[in-house]
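The next block holds one structure in the form of structure tokens; read it before the comments.
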Amino acid sequence: MTAPVPVLVFMGPAGTGKSTVAGMLAGRLGWDFQEGDDLHPAENVAKMASGHALNDDDRWPWLDRVAAWIDGRIAAGRPGIITCSALKRSYRDVLRRDDVTFVLLMGDPKLVLERLLRRQGHYMPPSLLTSQFETLEIPDADEQAIRVDLDLTPAEQVQEVIDLLQLTHTPS
């Protein structure tokens, strides 16, 4: 019997470092990586870029694309890491699989806002951050999730995920 293939979903509001930490971890472990923002339909990107928060109807097609990526990794027997805000439990329910673990990057909203204000080249404006924190539903005890604090450096966050989940390098 083979071991289950893990897929990690790095979640949380914009500006928490999901892409940075997930990319570093994927590189360190040799796992497939997908930037979830790249799976947004063009209409979603345009809406956010114009300063409007997405509604649930906007999110469902995107979440279906994220879920399809997860299913592709599992079907191929390849571990993977994907970023997705996954702010609500109902969104995580679309992504939940036996071998999916959510990694919530969380910290002080003021720190996150400072990061967003420094970030360049991304369509998500800092004005939408408040709505993201208001929407966020922290994973419940019955959800397979860990929380990683933003007070740690990205390298320390990577190590914490490895330690908490007892992950090992998987060559391609």
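If you're wondering about the labels, chains in the structure tokens are A, B, ... by order shown, residues count from 1 in each chain, ligands from 1 in order shown.
Residues surrounding Thr170 of chain A within 8 Å are Leu29, Gly30, Trp31 and Pro79 of chain A [only C-alpha atoms; sequence separation below 3 positions excluded].
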Writing out the chosen residues with C-alpha atoms as a PDB file, in the first residue's frame:
ATOM      1  CA  LEU A  29      10.424  19.666  -0.919  1.00  0.00           C
ATOM      2  CA  GLY A  30      10.517  19.242  -4.704  1.00  0.00           C
ATOM      3  CA  TRP A  31       6.704  19.334  -4.861  1.00  0.00           C
ATOM      4  CA  PRO A  79       2.334  15.908  -3.748  1.00  0.00           C
TER       5      PRO A  79
END
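Within the 8 Å cut-off around Gln34 of chain A, using only C-alpha atoms and omitting residues fewer than 6 positions from it on the same chain, the listed residues are A:Gly80, A:Ile81, A:Ile82, A:Thr83.
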Among segment 11-171 of chain A, which residues carry a DSSP assignment of alpha helix (DSSP H), reported as a ChimeraX atom specification? /A:18-29,42-49,56-76,89-95,109-118,129-135,154-165
Near-Gly36 of chain A list (10 Å; only C-alpha atoms; drop same-chain fewer than 6 positions) as a list of chain:residue names: A:Val9, A:Phe10, A:Met11, A:Lys18, A:Ser19, A:Trp62, A:Leu63, A:Arg65, A:Val66, A:Trp69, A:Ile81, A:Ile82, A:Thr83, A:Cys84, A:Ser85
So that I can see what lies close to segment 136-151 of chain A, please list as a ChimeraX atom specification the residues with an atom at most 8 Å from it, counting only C-alpha atoms and leaving out residues fewer than 5 positions away in the same chain. /A:12-13,16,87-89,100-108,157,160-161,164
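Of all the residues in segment 7-40 of chain A, the ones DSSP labels as strand (DSSP E or B) from the backbone are Val7, Leu8, Val9, Phe10, Met11, Asp32, Phe33 and Gln34 of chain A.
Picture a line from atom CA of Pro41 of chain A to atom CA of Pro61 of chain A; it runs 7.8 Å.
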Separation of atom CA of Trp60 of chain A from atom CA of Pro6 of chain A, in Å and rounded to one decimal: 23.3 Å
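The smallest atom-to-atom distance between Arg96 of chain A and any of A:Pro109, A:His40, A:Asp64, A:Ala76, using only C-alpha atoms, is found for A:Asp64.
Ranking A:Ala14, A:Leu165, A:Leu8, A:Ile74 by their shortest atom-to-atom distance to Asp37 of chain A, with only C-alpha atoms included, puts A:Ala14 first.
If only C-alpha atoms are the atoms counted, then among A:Ala53, A:Ala67, A:Glu134, A:Ala75 the closest residue to Asp93 of chain A is A:Ala67.
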Å distance separating atom CA of Ala26 of chain A from atom CA of His169 of chain A, one decimal place: 9.1 Å
Near Thr153 of chain A, within 10 Å and counting only C-alpha atoms, which residues show up once chain neighbours fewer than 5 positions away are dropped, as number ranges by chain? A: 21, 158-159
Restricted to N, CA, C and O atoms, what would the selected residues look like written as a CSV table (one decimal), in the first residue's frame?
chain,number,residue,atom,x,y,z
A,21,VAL,N,5.8,31.9,0.9
A,21,VAL,CA,6.1,30.7,1.7
A,21,VAL,C,5.8,29.4,1.0
A,21,VAL,O,6.6,28.5,1.1
A,158,VAL,N,8.4,28.2,6.7
A,158,VAL,CA,8.6,26.9,6.0
A,158,VAL,C,9.0,25.8,6.9
A,158,VAL,O,8.5,24.7,6.8
A,159,GLN,N,10.0,26.1,7.8
A,159,GLN,CA,10.5,25.0,8.7
A,159,GLN,C,9.3,24.6,9.6
A,159,GLN,O,9.2,23.4,9.9
